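To be precise, the following lines are data_3.cif, and they hold mmCIF, C-alpha atoms and all ligand atoms.
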```
data_protein
#
loop_
_atom_site.group_PDB
_atom_site.id
_atom_site.type_symbol
_atom_site.label_atom_id
_atom_site.label_comp_id
_atom_site.auth_asym_id
_atom_site.auth_seq_id
_atom_site.Cartn_x
_atom_site.Cartn_y
_atom_site.Cartn_z
ATOM 1 C CA MET O 1 30.957 11.663 16.116
ATOM 2 C CA ASN O 2 28.263 9.577 14.465
ATOM 3 C CA ALA O 3 25.486 11.405 12.659
ATOM 4 C CA ALA O 4 22.027 10.322 13.658
ATOM 5 C CA ALA O 5 20.509 7.814 11.296
ATOM 6 C CA PRO O 6 17.926 9.396 9.027
ATOM 7 C CA ALA O 7 14.378 8.729 10.082
ATOM 8 C CA LYS O 8 12.735 5.866 8.277
ATOM 9 C CA LEU O 9 9.837 6.560 5.978
ATOM 10 C CA LYS O 10 6.664 5.092 7.403
ATOM 11 C CA VAL O 11 4.783 3.148 4.726
ATOM 12 C CA ALA O 12 1.390 1.461 4.773
ATOM 13 C CA THR O 13 -0.082 -0.698 2.045
ATOM 14 C CA THR O 14 -3.514 -2.092 1.381
ATOM 15 C CA SER O 15 -5.314 -4.210 -1.166
ATOM 16 C CA LEU O 16 -8.768 -2.958 -2.030
ATOM 17 C CA ALA O 17 -10.463 -4.883 -4.863
ATOM 18 C CA GLY O 18 -7.229 -6.482 -6.009
ATOM 19 C CA CYS O 19 -5.784 -9.967 -6.234
ATOM 20 C CA PHE O 20 -2.689 -9.308 -4.063
ATOM 21 C CA GLY O 21 -0.571 -9.825 -7.172
ATOM 22 C CA CYS O 22 0.876 -6.326 -6.837
ATOM 23 C CA HIS O 23 1.841 -7.088 -3.252
ATOM 24 C CA MET O 24 3.374 -10.384 -4.393
ATOM 25 C CA SER O 25 5.451 -8.432 -6.924
ATOM 26 C CA LEU O 26 6.687 -6.256 -4.077
ATOM 27 C CA LEU O 27 7.616 -9.347 -2.055
ATOM 28 C CA ASP O 28 9.399 -10.743 -5.130
ATOM 29 C CA ILE O 29 12.302 -8.374 -4.506
ATOM 30 C CA ASP O 30 13.407 -11.161 -2.149
ATOM 31 C CA GLU O 31 16.566 -10.366 -0.153
ATOM 32 C CA ARG O 32 16.365 -6.703 -1.187
ATOM 33 C CA LEU O 33 13.551 -6.509 1.380
ATOM 34 C CA PHE O 34 16.338 -6.375 3.986
ATOM 35 C CA GLU O 35 17.757 -3.234 2.354
ATOM 36 C CA LEU O 36 14.251 -1.792 2.130
ATOM 37 C CA VAL O 37 13.473 -2.261 5.830
ATOM 38 C CA GLU O 38 16.637 -0.293 6.663
ATOM 39 C CA LYS O 39 14.978 2.723 5.035
ATOM 40 C CA VAL O 40 11.295 2.000 5.575
ATOM 41 C CA GLU O 41 9.132 1.169 8.562
ATOM 42 C CA PHE O 42 6.030 -0.755 7.554
ATOM 43 C CA ASP O 43 2.760 0.239 9.176
ATOM 44 C CA ARG O 44 -0.419 -1.583 8.115
ATOM 45 C CA SER O 45 0.610 -4.025 5.374
ATOM 46 C CA PRO O 46 0.737 -7.762 4.664
ATOM 47 C CA LEU O 47 4.210 -7.697 6.248
ATOM 48 C CA THR O 48 2.851 -6.686 9.656
ATOM 49 C CA ASP O 49 -0.058 -7.561 11.902
ATOM 50 C CA ILE O 50 -1.161 -3.926 12.205
ATOM 51 C CA LYS O 51 -4.907 -3.651 11.543
ATOM 52 C CA GLU O 52 -5.408 0.154 11.612
ATOM 53 C CA VAL O 53 -3.367 2.469 9.425
ATOM 54 C CA GLY O 54 -1.352 5.000 11.423
ATOM 55 C CA ASN O 55 0.014 8.364 10.350
ATOM 56 C CA CYS O 56 2.324 7.530 7.454
ATOM 57 C CA ASP O 57 4.542 9.188 4.887
ATOM 58 C CA VAL O 58 3.437 6.943 2.035
ATOM 59 C CA GLY O 59 0.339 4.816 1.461
ATOM 60 C CA ILE O 60 0.501 2.266 -1.347
ATOM 61 C CA ILE O 61 -2.873 1.282 -2.763
ATOM 62 C CA GLU O 62 -3.480 -1.930 -4.693
ATOM 63 C CA GLY O 63 -6.845 -2.649 -6.259
ATOM 64 C CA GLY O 64 -9.831 -0.675 -7.377
ATOM 65 C CA LEU O 65 -12.980 0.421 -5.621
ATOM 66 C CA CYS O 66 -15.785 -2.138 -5.653
ATOM 67 C CA ASN O 67 -17.701 -1.634 -2.444
ATOM 68 C CA ALA O 68 -18.296 0.672 0.514
ATOM 69 C CA GLU O 69 -15.517 -0.954 2.559
ATOM 70 C CA ASN O 70 -12.983 -0.205 -0.213
ATOM 71 C CA VAL O 71 -14.081 3.443 -0.194
ATOM 72 C CA GLU O 72 -13.833 3.629 3.613
ATOM 73 C CA VAL O 73 -10.324 2.114 3.618
ATOM 74 C CA LEU O 74 -9.168 4.426 0.804
ATOM 75 C CA ARG O 75 -10.531 7.512 2.617
ATOM 76 C CA ASP O 76 -8.764 6.388 5.798
ATOM 77 C CA PHE O 77 -5.485 6.058 3.870
ATOM 78 C CA ARG O 78 -6.050 9.504 2.297
ATOM 79 C CA ARG O 79 -6.481 11.012 5.786
ATOM 80 C CA ARG O 80 -3.493 9.210 7.303
ATOM 81 C CA CYS O 81 -0.875 9.233 4.527
ATOM 82 C CA LYS O 82 0.973 12.281 3.210
ATOM 83 C CA VAL O 83 1.379 10.696 -0.221
ATOM 84 C CA LEU O 84 -0.759 8.002 -1.848
ATOM 85 C CA VAL O 85 0.672 5.783 -4.571
ATOM 86 C CA ALA O 86 -1.668 3.803 -6.830
ATOM 87 C CA MET O 87 0.118 0.514 -7.612
ATOM 88 C CA GLY O 88 -0.982 -1.534 -10.590
ATOM 89 C CA ALA O 89 -3.696 -1.451 -13.210
ATOM 90 C CA CYS O 90 -6.560 -2.079 -10.784
ATOM 91 C CA ALA O 91 -5.703 0.916 -8.610
ATOM 92 C CA ILE O 92 -4.946 3.157 -11.594
ATOM 93 C CA ASN O 93 -7.667 2.167 -14.068
ATOM 94 C CA GLY O 94 -10.060 -0.102 -12.200
ATOM 95 C CA GLY O 95 -8.496 -3.273 -13.582
ATOM 96 C CA CYS O 96 -10.323 -6.610 -13.646
ATOM 97 C CA PRO O 97 -12.814 -5.793 -10.874
ATOM 98 C CA ARG O 98 -14.044 -2.736 -12.737
ATOM 99 C CA SER O 99 -17.520 -3.314 -14.073
ATOM 100 C CA GLU O 100 -19.148 -1.495 -16.924
ATOM 101 C CA THR O 101 -22.853 -0.928 -16.512
ATOM 102 C CA THR O 102 -25.040 -0.355 -19.512
HETATM 103 S S1 LIG Z 201 -3.048 -4.839 -11.152
HETATM 104 FE FE1 LIG Z 201 -4.839 -5.822 -10.214
HETATM 105 S S2 LIG Z 201 -4.993 -7.853 -11.241
HETATM 106 FE FE2 LIG Z 201 -2.923 -7.030 -11.614
HETATM 107 S S3 LIG Z 201 -1.662 -7.911 -9.981
HETATM 108 FE FE3 LIG Z 201 -2.354 -5.876 -9.273
HETATM 109 S S4 LIG Z 201 -4.204 -6.282 -8.096
HETATM 110 FE FE4 LIG Z 201 -3.800 -8.116 -9.339
#
```

Any chance you could put this one into structure tokens?
Ligand code: SF4
Amino acid sequence: MNAAAPAKLKVATTSLAGCFGCHMSLLDIDERLFELVEKVEFDRSPLTDIKEVGNCDVGIIEGGLCNAENVEVLRDFRRRCKVLVAMGACAINGGCPRSETT
């Protein structure tokens, strides 16, 4: 008797004020993407044409917060995703888009 396949993790990604370089690094795993999609179902991400984030297990955030739209998207991800992962310097520390005001 075959055991049921484990449910795939549902993952969404977004780029806020980022350059998409973090997403490109993810895509750089090349053929290992095939192994990944056996374990992961992508929701909103550059790999799909889904415009609205659904209820997800993991939300991966690239980029910092620069404007009201970034804040709205981040809050939507926070509501919809059980776990948020900040990917890259921009998401973690503000990165290049971060501006210092004096
Ligand atoms: S950390 Fe920021 S600048 Fe670096 S690749 Fe990611 S989005 Fe681009």

Expand the PyMOL selection byres (((chain O and resi 81) around 12) and not hetatm) into the explicit residue set it covers here, and present it as a ChimeraX atom specification.
/O:9-13,43-44,53-61,73-80,82-85

Restrict the selected residues to C-alpha atoms and save them as a CSV table (one decimal), in the coordinates of the input.
```
chain,number,residue,atom,x,y,z
O,9,LEU,CA,9.8,6.6,6.0
O,10,LYS,CA,6.7,5.1,7.4
O,11,VAL,CA,4.8,3.1,4.7
O,12,ALA,CA,1.4,1.5,4.8
O,13,THR,CA,-0.1,-0.7,2.0
O,43,ASP,CA,2.8,0.2,9.2
O,44,ARG,CA,-0.4,-1.6,8.1
O,53,VAL,CA,-3.4,2.5,9.4
O,54,GLY,CA,-1.4,5.0,11.4
O,55,ASN,CA,0.0,8.4,10.4
O,56,CYS,CA,2.3,7.5,7.5
O,57,ASP,CA,4.5,9.2,4.9
O,58,VAL,CA,3.4,6.9,2.0
O,59,GLY,CA,0.3,4.8,1.5
O,60,ILE,CA,0.5,2.3,-1.3
O,61,ILE,CA,-2.9,1.3,-2.8
O,73,VAL,CA,-10.3,2.1,3.6
O,74,LEU,CA,-9.2,4.4,0.8
O,75,ARG,CA,-10.5,7.5,2.6
O,76,ASP,CA,-8.8,6.4,5.8
O,77,PHE,CA,-5.5,6.1,3.9
O,78,ARG,CA,-6.0,9.5,2.3
O,79,ARG,CA,-6.5,11.0,5.8
O,80,ARG,CA,-3.5,9.2,7.3
O,82,LYS,CA,1.0,12.3,3.2
O,83,VAL,CA,1.4,10.7,-0.2
O,84,LEU,CA,-0.8,8.0,-1.8
O,85,VAL,CA,0.7,5.8,-4.6
```

Name the residues, by chain letter and number, that sit within 10 Å of ligand LIG 201 (chain Z) using all atoms listed in the file, and give them as a short mmCIF file (atom, residue, chain, number, x, y, z; two decimals) with C-alpha atoms, in the coordinates of the input.
```cif
data_model
loop_
_atom_site.label_atom_id
_atom_site.label_comp_id
_atom_site.auth_asym_id
_atom_site.auth_seq_id
_atom_site.Cartn_x
_atom_site.Cartn_y
_atom_site.Cartn_z
CA SER O 15 -5.31 -4.21 -1.17
CA LEU O 16 -8.77 -2.96 -2.03
CA ALA O 17 -10.46 -4.88 -4.86
CA GLY O 18 -7.23 -6.48 -6.01
CA CYS O 19 -5.78 -9.97 -6.23
CA PHE O 20 -2.69 -9.31 -4.06
CA GLY O 21 -0.57 -9.82 -7.17
CA CYS O 22 0.88 -6.33 -6.84
CA HIS O 23 1.84 -7.09 -3.25
CA MET O 24 3.37 -10.38 -4.39
CA SER O 25 5.45 -8.43 -6.92
CA ILE O 61 -2.87 1.28 -2.76
CA GLU O 62 -3.48 -1.93 -4.69
CA GLY O 63 -6.84 -2.65 -6.26
CA GLY O 64 -9.83 -0.68 -7.38
CA ALA O 86 -1.67 3.80 -6.83
CA MET O 87 0.12 0.51 -7.61
CA GLY O 88 -0.98 -1.53 -10.59
CA ALA O 89 -3.70 -1.45 -13.21
CA CYS O 90 -6.56 -2.08 -10.78
CA ALA O 91 -5.70 0.92 -8.61
CA ILE O 92 -4.95 3.16 -11.59
CA ASN O 93 -7.67 2.17 -14.07
CA GLY O 94 -10.06 -0.10 -12.20
CA GLY O 95 -8.50 -3.27 -13.58
CA CYS O 96 -10.32 -6.61 -13.65
CA PRO O 97 -12.81 -5.79 -10.87
#
```

Quick one: pull the distance between CA of Lys8 in chain O and CA of Lys39 in chain O, Å, one decimal.
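Those two atoms sit 5.0 Å apart.
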
Please indicate the distance in Å from CA of Pro46 in chain O to CA of Leu33 in chain O, rounded to one decimal place.
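So the answer is 13.3 Å.
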
Quick check, in Å to one decimal: how far apart do CA of Asp30 in chain O and CA of Leu65 in chain O lie?
29.0 Å

Edge lengths and centre in Å to one decimal, as AutoDock Vina command-line options, of the axis-aligned box that encloses all listed atoms of range 58-68 of chain O with 3 Å added on every side?
```
--center_x -7.4 --center_y 2.1 --center_z -2.7 --size_x 27.7 --size_y 15.6 --size_z 15.4
```
